[in-house]
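Engineer: This is coords_25.pdb (PDB, C-alpha atoms).
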ATOM      1  CA  MET A 205     -44.130  52.649  29.337
ATOM      2  CA  ASN A 206     -44.028  49.520  31.541
ATOM      3  CA  LEU A 207     -42.306  46.161  31.841
ATOM      4  CA  TRP A 208     -45.078  44.393  29.941
ATOM      5  CA  THR A 209     -44.276  46.588  26.959
ATOM      6  CA  LEU A 210     -40.607  45.596  27.317
ATOM      7  CA  ILE A 211     -41.614  41.937  27.125
ATOM      8  CA  VAL A 212     -44.082  42.042  24.230
ATOM      9  CA  GLN A 213     -43.006  45.187  22.337
ATOM     10  CA  PRO A 214     -39.317  45.880  23.100
ATOM     11  CA  HIS A 215     -38.938  48.187  20.096
ATOM     12  CA  ARG A 216     -41.738  50.426  21.355
ATOM     13  CA  PHE A 217     -40.379  50.314  24.908
ATOM     14  CA  PHE A 218     -36.882  51.431  23.919
ATOM     15  CA  ARG A 219     -38.190  54.123  21.585
ATOM     16  CA  GLN A 220     -40.174  55.609  24.463
ATOM     17  CA  LEU A 221     -37.244  55.168  26.846
ATOM     18  CA  PHE A 222     -34.775  56.959  24.585
ATOM     19  CA  ASP A 223     -37.176  59.873  24.171
ATOM     20  CA  GLN A 224     -36.838  60.561  27.895
ATOM     21  CA  PRO A 225     -33.887  62.245  29.666
ATOM     22  CA  LEU A 226     -30.879  59.985  30.133
ATOM     23  CA  GLN A 227     -30.619  58.399  33.587
ATOM     24  CA  HIS A 228     -28.757  55.362  34.903
ATOM     25  CA  TRP A 229     -30.332  54.662  38.294
ATOM     26  CA  VAL A 230     -32.852  52.074  37.112
ATOM     27  CA  PRO A 231     -30.321  50.246  34.878
ATOM     28  CA  LEU A 232     -27.886  50.215  37.815
ATOM     29  CA  GLY A 233     -30.548  48.685  40.049
ATOM     30  CA  ILE A 234     -31.294  46.020  37.450
ATOM     31  CA  VAL A 235     -27.602  45.126  37.105
ATOM     32  CA  LEU A 236     -27.043  44.866  40.860
ATOM     33  CA  SER A 237     -30.273  42.917  41.361
ATOM     34  CA  ALA A 238     -29.300  40.411  38.664
ATOM     35  CA  GLY A 239     -25.979  39.795  40.401
ATOM     36  CA  TRP A 240     -27.203  39.831  44.009
ATOM     37  CA  LEU A 241     -30.114  37.476  43.356
ATOM     38  CA  ARG A 242     -27.687  34.893  41.977
ATOM     39  CA  TYR A 243     -25.513  35.237  45.094
ATOM     40  CA  ILE A 244     -28.570  34.829  47.320
ATOM     41  CA  ALA A 245     -29.672  31.771  45.335
ATOM     42  CA  TYR A 246     -26.264  30.146  45.733
ATOM     43  CA  GLY A 247     -26.227  30.888  49.469
ATOM     44  CA  LEU A 248     -29.678  29.344  49.904
ATOM     45  CA  TRP A 249     -28.760  26.343  47.795
ATOM     46  CA  THR A 250     -25.630  25.510  49.841
ATOM     47  CA  ARG A 251     -27.079  26.437  53.232
ATOM     48  CA  ASN A 252     -26.825  22.858  54.546
ATOM     49  CA  LEU A 253     -23.173  22.452  53.507
ATOM     50  CA  SER A 254     -19.952  23.814  54.952
ATOM     51  CA  PRO A 255     -19.545  27.575  54.309
ATOM     52  CA  ILE A 256     -17.610  28.230  51.124
ATOM     53  CA  ILE A 257     -15.831  31.278  52.565
ATOM     54  CA  SER A 258     -13.352  30.177  55.211
ATOM     55  CA  THR A 259     -12.952  32.438  58.229
ATOM     56  CA  GLU A 260      -9.486  30.965  58.761
ATOM     57  CA  LEU A 261      -8.402  32.022  55.287
ATOM     58  CA  ILE A 262      -9.758  35.540  55.796
ATOM     59  CA  GLN A 263      -7.988  35.829  59.132
ATOM     60  CA  SER A 264      -4.753  34.694  57.512
ATOM     61  CA  PHE A 265      -5.039  37.329  54.769
ATOM     62  CA  ARG A 266      -5.913  39.944  57.346
ATOM     63  CA  ALA A 267      -2.794  39.118  59.322
ATOM     64  CA  GLU A 268      -0.610  39.278  56.205
ATOM     65  CA  THR A 269      -2.020  42.539  54.858
ATOM     66  CA  GLY A 270      -2.468  44.257  58.217
ATOM     67  CA  SER A 271      -5.950  45.454  57.262
ATOM     68  CA  PRO A 272      -8.591  44.489  59.857
ATOM     69  CA  PRO A 273     -11.629  45.052  57.591
ATOM     70  CA  PHE A 274     -10.275  42.765  54.857
ATOM     71  CA  TRP A 275     -13.465  40.674  54.829
ATOM     72  CA  VAL A 276     -15.420  43.860  54.149
ATOM     73  CA  ILE A 277     -13.251  44.507  51.081
ATOM     74  CA  LEU A 278     -13.864  40.968  49.817
ATOM     75  CA  LEU A 279     -17.591  41.364  50.344
ATOM     76  CA  LEU A 280     -17.703  44.661  48.462
ATOM     77  CA  ILE A 281     -15.669  43.254  45.578
ATOM     78  CA  GLY A 282     -18.022  40.306  45.297
ATOM     79  CA  LEU A 283     -21.278  42.227  45.666
ATOM     80  CA  MET A 284     -20.366  45.354  43.703
ATOM     81  CA  GLY A 285     -17.270  44.707  41.611
ATOM     82  CA  TRP A 286     -18.318  41.773  39.444
ATOM     83  CA  PRO A 287     -21.798  43.049  38.429
ATOM     84  CA  LEU A 288     -20.442  46.551  37.767
ATOM     85  CA  LEU A 289     -17.496  45.185  35.783
ATOM     86  CA  SER A 290     -19.843  43.146  33.603
ATOM     87  CA  TRP A 291     -22.108  46.166  33.060
ATOM     88  CA  GLY A 292     -19.168  48.471  32.356
ATOM     89  CA  VAL A 293     -17.585  46.219  29.740
ATOM     90  CA  TYR A 294     -20.945  45.444  28.134
ATOM     91  CA  GLY A 295     -21.889  49.118  27.932
ATOM     92  CA  TRP A 296     -18.468  50.117  26.633
ATOM     93  CA  MET A 297     -18.716  47.575  23.805
ATOM     94  CA  ILE A 298     -22.180  48.845  22.843
ATOM     95  CA  GLN A 299     -20.899  52.433  22.902
ATOM     96  CA  TRP A 300     -17.831  51.471  20.862
ATOM     97  CA  LEU A 301     -19.950  49.715  18.224
ATOM     98  CA  THR A 302     -22.773  52.267  18.013
ATOM     99  CA  GLY A 303     -21.205  55.536  19.166
ATOM    100  CA  GLN A 304     -24.271  56.259  21.323
ATOM    101  CA  ARG A 305     -24.204  57.855  24.796
ATOM    102  CA  ARG A 306     -27.110  55.703  25.954
ATOM    103  CA  ALA A 307     -25.074  52.507  25.651
ATOM    104  CA  TRP A 308     -24.852  51.872  29.408
ATOM    105  CA  GLN A 309     -28.533  52.607  29.865
ATOM    106  CA  LEU A 310     -29.343  50.009  27.228
ATOM    107  CA  ALA A 311     -26.848  47.548  28.714
ATOM    108  CA  GLY A 312     -28.548  47.830  32.079
ATOM    109  CA  TRP A 313     -32.056  47.281  30.754
ATOM    110  CA  THR A 314     -30.967  44.206  28.793
ATOM    111  CA  GLN A 315     -29.986  42.578  32.120
ATOM    112  CA  TRP A 316     -33.654  42.465  33.130
ATOM    113  CA  PRO A 317     -34.110  38.817  31.972
ATOM    114  CA  LEU A 318     -31.119  37.770  34.091
ATOM    115  CA  ALA A 319     -32.679  39.455  37.115
ATOM    116  CA  ILE A 320     -35.804  37.358  36.509
ATOM    117  CA  VAL A 321     -33.606  34.256  36.245
ATOM    118  CA  GLY A 322     -32.015  35.158  39.569
ATOM    119  CA  LEU A 323     -35.437  35.450  41.190
ATOM    120  CA  ILE A 324     -36.455  32.044  39.832
ATOM    121  CA  MET A 325     -33.237  30.491  41.127
ATOM    122  CA  VAL A 326     -33.803  31.953  44.600
ATOM    123  CA  GLY A 327     -37.124  30.101  44.712
ATOM    124  CA  ALA A 328     -35.590  26.896  43.369
ATOM    125  CA  ALA A 329     -32.722  27.056  45.862
ATOM    126  CA  GLY A 330     -35.160  27.505  48.722
ATOM    127  CA  LEU A 331     -37.135  24.418  47.667
ATOM    128  CA  TRP A 332     -34.220  22.121  46.704
ATOM    129  CA  PRO A 333     -31.131  22.773  48.836
ATOM    130  CA  ALA A 334     -27.888  20.982  47.954
ATOM    131  CA  THR A 335     -27.082  17.746  49.745
ATOM    132  CA  GLY A 336     -23.782  15.954  50.198
ATOM    133  CA  ARG A 337     -20.858  15.471  52.525
ATOM    134  CA  VAL A 338     -18.311  18.276  52.377
ATOM    135  CA  ILE A 339     -15.363  18.220  54.773
ATOM    136  CA  PRO A 340     -15.086  21.583  56.551
ATOM    137  CA  PHE A 341     -12.071  23.574  55.432
ATOM    138  CA  THR A 342     -10.543  23.483  58.929
ATOM    139  CA  GLN A 343     -10.449  19.664  58.816
ATOM    140  CA  PHE A 344      -9.105  19.669  55.271
ATOM    141  CA  VAL A 345      -6.208  21.933  56.267
ATOM    142  CA  ALA A 346      -5.314  19.630  59.154
ATOM    143  CA  PHE A 347      -4.341  16.864  56.718
ATOM    144  CA  ARG A 348      -1.531  18.921  55.112
ATOM    145  CA  PRO A 349      -0.672  21.844  57.380
ATOM    146  CA  GLU A 350       2.669  22.421  55.675
ATOM    147  CA  GLU A 351       1.115  23.536  52.366
ATOM    148  CA  PRO A 352       0.211  27.194  51.713
ATOM    149  CA  LEU A 353      -3.270  27.989  52.963
ATOM    150  CA  PHE A 354      -4.477  29.549  49.722
ATOM    151  CA  ASN A 355      -3.382  26.551  47.615
ATOM    152  CA  GLN A 356      -5.256  24.257  49.953
ATOM    153  CA  TYR A 357      -8.314  26.471  49.675
ATOM    154  CA  LEU A 358      -8.284  26.174  45.879
ATOM    155  CA  THR A 359      -8.005  22.383  46.144
ATOM    156  CA  TRP A 360     -10.871  22.315  48.633
ATOM    157  CA  LEU A 361     -13.026  24.445  46.317
ATOM    158  CA  HIS A 362     -12.372  21.973  43.501
ATOM    159  CA  LEU A 363     -13.546  19.084  45.677
ATOM    160  CA  TYR A 364     -16.509  21.195  46.802
ATOM    161  CA  SER A 365     -17.572  21.812  43.192
ATOM    162  CA  GLN A 366     -17.271  18.116  42.309
ATOM    163  CA  ILE A 367     -19.789  17.248  45.025
ATOM    164  CA  LEU A 368     -22.239  19.846  43.687
ATOM    165  CA  ASN A 369     -21.917  18.958  40.006
ATOM    166  CA  GLY A 370     -24.515  16.203  40.010
ATOM    167  CA  HIS A 371     -27.374  18.253  41.437
ATOM    168  CA  VAL A 372     -30.479  19.092  39.393
ATOM    169  CA  PHE A 373     -30.222  22.708  40.512
ATOM    170  CA  LEU A 374     -27.170  23.243  38.283
ATOM    171  CA  GLN A 375     -28.970  21.825  35.257
ATOM    172  CA  LEU A 376     -31.918  24.109  35.928
ATOM    173  CA  LEU A 377     -29.516  27.022  36.368
ATOM    174  CA  PHE A 378     -27.855  26.262  33.022
ATOM    175  CA  TRP A 379     -31.100  26.287  31.071
ATOM    176  CA  CYS A 380     -32.504  29.322  32.874
ATOM    177  CA  VAL A 381     -29.326  31.301  32.227
ATOM    178  CA  LEU A 382     -29.349  30.186  28.584
ATOM    179  CA  VAL A 383     -32.938  31.344  28.082
ATOM    180  CA  GLY A 384     -32.248  34.562  29.992
ATOM    181  CA  SER A 385     -29.143  35.274  27.913
ATOM    182  CA  LEU A 386     -30.998  34.746  24.628
ATOM    183  CA  TRP A 387     -33.794  36.993  25.854
ATOM    184  CA  SER A 388     -31.209  39.592  26.854
ATOM    185  CA  LEU A 389     -29.678  39.502  23.365
ATOM    186  CA  TRP A 390     -33.159  39.878  21.862
ATOM    187  CA  LEU A 391     -33.664  43.042  23.915
ATOM    188  CA  LEU A 392     -30.220  44.237  22.888
ATOM    189  CA  TYR A 393     -31.094  43.872  19.219
ATOM    190  CA  TRP A 394     -34.254  45.970  19.524
ATOM    191  CA  GLY A 395     -32.528  48.524  21.708
ATOM    192  CA  VAL A 396     -29.727  49.051  19.199
ATOM    193  CA  LYS A 397     -32.352  49.038  16.459
ATOM    194  CA  CYS A 398     -33.702  52.236  18.027
ATOM    195  CA  LEU A 399     -30.297  53.810  18.643
ATOM    196  CA  ALA A 400     -28.441  52.869  15.456
ATOM    197  CA  PRO A 401     -30.640  50.752  13.131
ATOM    198  CA  GLN A 402     -27.898  50.064  10.597
ATOM    199  CA  LYS A 403     -25.645  48.582  13.300
ATOM    200  CA  ALA A 404     -28.197  46.416  15.117
ATOM    201  CA  MET A 405     -27.234  43.094  13.539
ATOM    202  CA  LEU A 406     -23.468  43.662  13.761
ATOM    203  CA  THR A 407     -23.638  44.815  17.379
ATOM    204  CA  THR A 408     -25.827  41.893  18.424
ATOM    205  CA  SER A 409     -23.543  39.394  16.667
ATOM    206  CA  ILE A 410     -20.375  40.738  18.298
ATOM    207  CA  LEU A 411     -22.014  40.936  21.727
ATOM    208  CA  THR A 412     -23.262  37.363  21.327
ATOM    209  CA  LEU A 413     -19.675  36.221  20.741
ATOM    210  CA  TRP A 414     -18.493  38.262  23.723
ATOM    211  CA  LEU A 415     -21.247  36.766  25.900
ATOM    212  CA  LEU A 416     -20.151  33.239  24.978
ATOM    213  CA  ILE A 417     -16.544  34.038  25.895
ATOM    214  CA  TRP A 418     -17.640  35.710  29.152
ATOM    215  CA  ARG A 419     -19.709  32.669  30.182
ATOM    216  CA  VAL A 420     -16.864  30.283  29.439
ATOM    217  CA  LEU A 421     -14.429  32.357  31.496
TER
END
Translate the structure described by the file into structure tokens.
Structural biologist:
Amino acid sequence: MNLWTLIVQPHRFFRQLFDQPLQHWVPLGIVLSAGWLRYIAYGLWTRNLSPIISTELIQSFRAETGSPPFWVILLLIGLMGWPLLSWGVYGWMIQWLTGQRRAWQLAGWTQWPLAIVGLIMVGAAGLWPATGRVIPFTQFVAFRPEEPLFNQYLTWLHLYSQILNGHVFLQLLFWCVLVGSLWSLWLLYWGVKCLAPQKAMLTTSILTLWLLIWRVL
């Protein structure tokens, strides 16, 4: 059993996988890699622009909450929370539709195409960094110091995104994510085909709808 088999013969791959003892370490690594590679790609892409995370905003939150390591909490939520939430919901829906204990294992393996997309985007971001003039957040705040800091941060993020919208990188990201998502659904179909053959089409259809809603949100 190897990744080449997953690419060319997913049905055979999942049949061999499900014959082995249940374990979640590899699926967990795939899920985290898919998320972290996208974060790395975005950081590389915007490396020549003002940092998107404002130290002033973090210091303000830290002062309000009285928790010195607040930035550590934000970092953990971003790096761990979002990928794990996506995996948890995805696996729960597969388990709910199929009634199989291996739902989260399957959900993790179906994220493999998105991990490949993340790797491609890291390379693209390194070659074509974003360009543009973005006012640093500290200067933006100086224009309207009377407004709440968080509201100003949201406005600044909106302006930040408008500057980035015209870059080719985002178009490439859209198409890569689209292809990766379709590939992921293809793997899902064959995985469910091994777990619960009679529910493969229904599960894939419902998860496709959920994936569309998740991407829009």
Engineer: Taking the file as shown, what set of residues would the PyMOL selection byres ((chain A and resi 231) around 6) give back, as a PyMOL selection string?
Structural biologist: chain A and resi 228-230+232-234+309+312-313
Engineer: From the options A:Ile367, A:Leu221, A:Ala245, A:Leu376, which residue's atoms come nearest to A:Cys398, counting only C-alpha atoms?
Structural biologist: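 Selected residue with least distance to A:Cys398: A:Leu221.
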Engineer: Care to translate the PyMOL selection byres ((chain A and resi 325) around 12) into actual residues of this file, as a compact mmCIF listing (two decimals) with C-alpha atoms, keeping the file's coordinate frame?
Structural biologist:
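Output saved as result15.txt:
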# COMPACT_ATOMS: atom_id res chain seq x y z
CA ALA A 238 -29.30 40.41 38.66
CA GLY A 239 -25.98 39.80 40.40
CA TRP A 240 -27.20 39.83 44.01
CA LEU A 241 -30.11 37.48 43.36
CA ARG A 242 -27.69 34.89 41.98
CA TYR A 243 -25.51 35.24 45.09
CA ILE A 244 -28.57 34.83 47.32
CA ALA A 245 -29.67 31.77 45.34
CA TYR A 246 -26.26 30.15 45.73
CA GLY A 247 -26.23 30.89 49.47
CA LEU A 248 -29.68 29.34 49.90
CA TRP A 249 -28.76 26.34 47.80
CA LEU A 318 -31.12 37.77 34.09
CA ALA A 319 -32.68 39.46 37.12
CA ILE A 320 -35.80 37.36 36.51
CA VAL A 321 -33.61 34.26 36.24
CA GLY A 322 -32.02 35.16 39.57
CA LEU A 323 -35.44 35.45 41.19
CA ILE A 324 -36.46 32.04 39.83
CA VAL A 326 -33.80 31.95 44.60
CA GLY A 327 -37.12 30.10 44.71
CA ALA A 328 -35.59 26.90 43.37
CA ALA A 329 -32.72 27.06 45.86
CA GLY A 330 -35.16 27.50 48.72
CA LEU A 331 -37.14 24.42 47.67
CA TRP A 332 -34.22 22.12 46.70
CA PRO A 333 -31.13 22.77 48.84
CA VAL A 372 -30.48 19.09 39.39
CA PHE A 373 -30.22 22.71 40.51
CA LEU A 374 -27.17 23.24 38.28
CA GLN A 375 -28.97 21.82 35.26
CA LEU A 376 -31.92 24.11 35.93
CA LEU A 377 -29.52 27.02 36.37
CA PHE A 378 -27.86 26.26 33.02
CA TRP A 379 -31.10 26.29 31.07
CA CYS A 380 -32.50 29.32 32.87
CA VAL A 381 -29.33 31.30 32.23
CA GLY A 384 -32.25 34.56 29.99
Engineer: Quick one: apply the PyMOL selection byres ((chain A and resi 295) around 12) to the file and drop the selected residues here as a PyMOL selection string.
Structural biologist: chain A and resi 228+231-232+235+288-294+296-315+392+396+407+411
Engineer: From the options A:Leu236, A:Ile211, A:Ala334, A:Ile339, which residue's atoms come nearest to A:Pro287, counting all atoms listed in the file?
Structural biologist: A:Leu236
Engineer: Using atom CA of A:Gly336 and atom CA of A:Ser365 as the two end points, give the distance in Å to one decimal.
Structural biologist: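 Separation of atom CA of A:Gly336 and atom CA of A:Ser365: 11.0 Å.
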Engineer: Smallest atom-to-atom distance to A:Leu386: which of A:Leu210, A:Leu368, A:Leu415, A:Met405, using only C-alpha atoms?
Structural biologist: A:Leu415
Engineer: Mind pulling up the distance from atom CA of A:Leu253 to atom CA of A:Glu351?
Structural biologist: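 Here the two named atoms are 24.3 Å from each other.
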Engineer: Check the smallest atom-to-atom distance from each of A:Ile256, A:Met284, A:Leu389, A:Val212 to A:Thr408 using only C-alpha atoms, then report the winner.
Structural biologist: A:Leu389
Engineer: State, in Å with one decimal place, the distance from atom CA of A:Thr250 to atom CA of A:Thr335.
Structural biologist: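 Separation between atom CA of A:Thr250 and atom CA of A:Thr335: 7.9 Å.
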Engineer: Using all atoms listed in the file, find the one residue out of A:Val338, A:Leu382, A:Ile417, A:Leu361 that sits nearest to A:Ser254.
Structural biologist: A:Val338
Engineer: Need the shell around A:Trp394: protein/DNA/RNA residues with any atom at most 9 Å away, counting all atoms listed in the file. Skip same-chain ones fewer than 4 positions apart. Format as an NGL selection string?
Structural biologist: :A and (214-216 or 218 or 389-390 or 398-399 or 401 or 404)
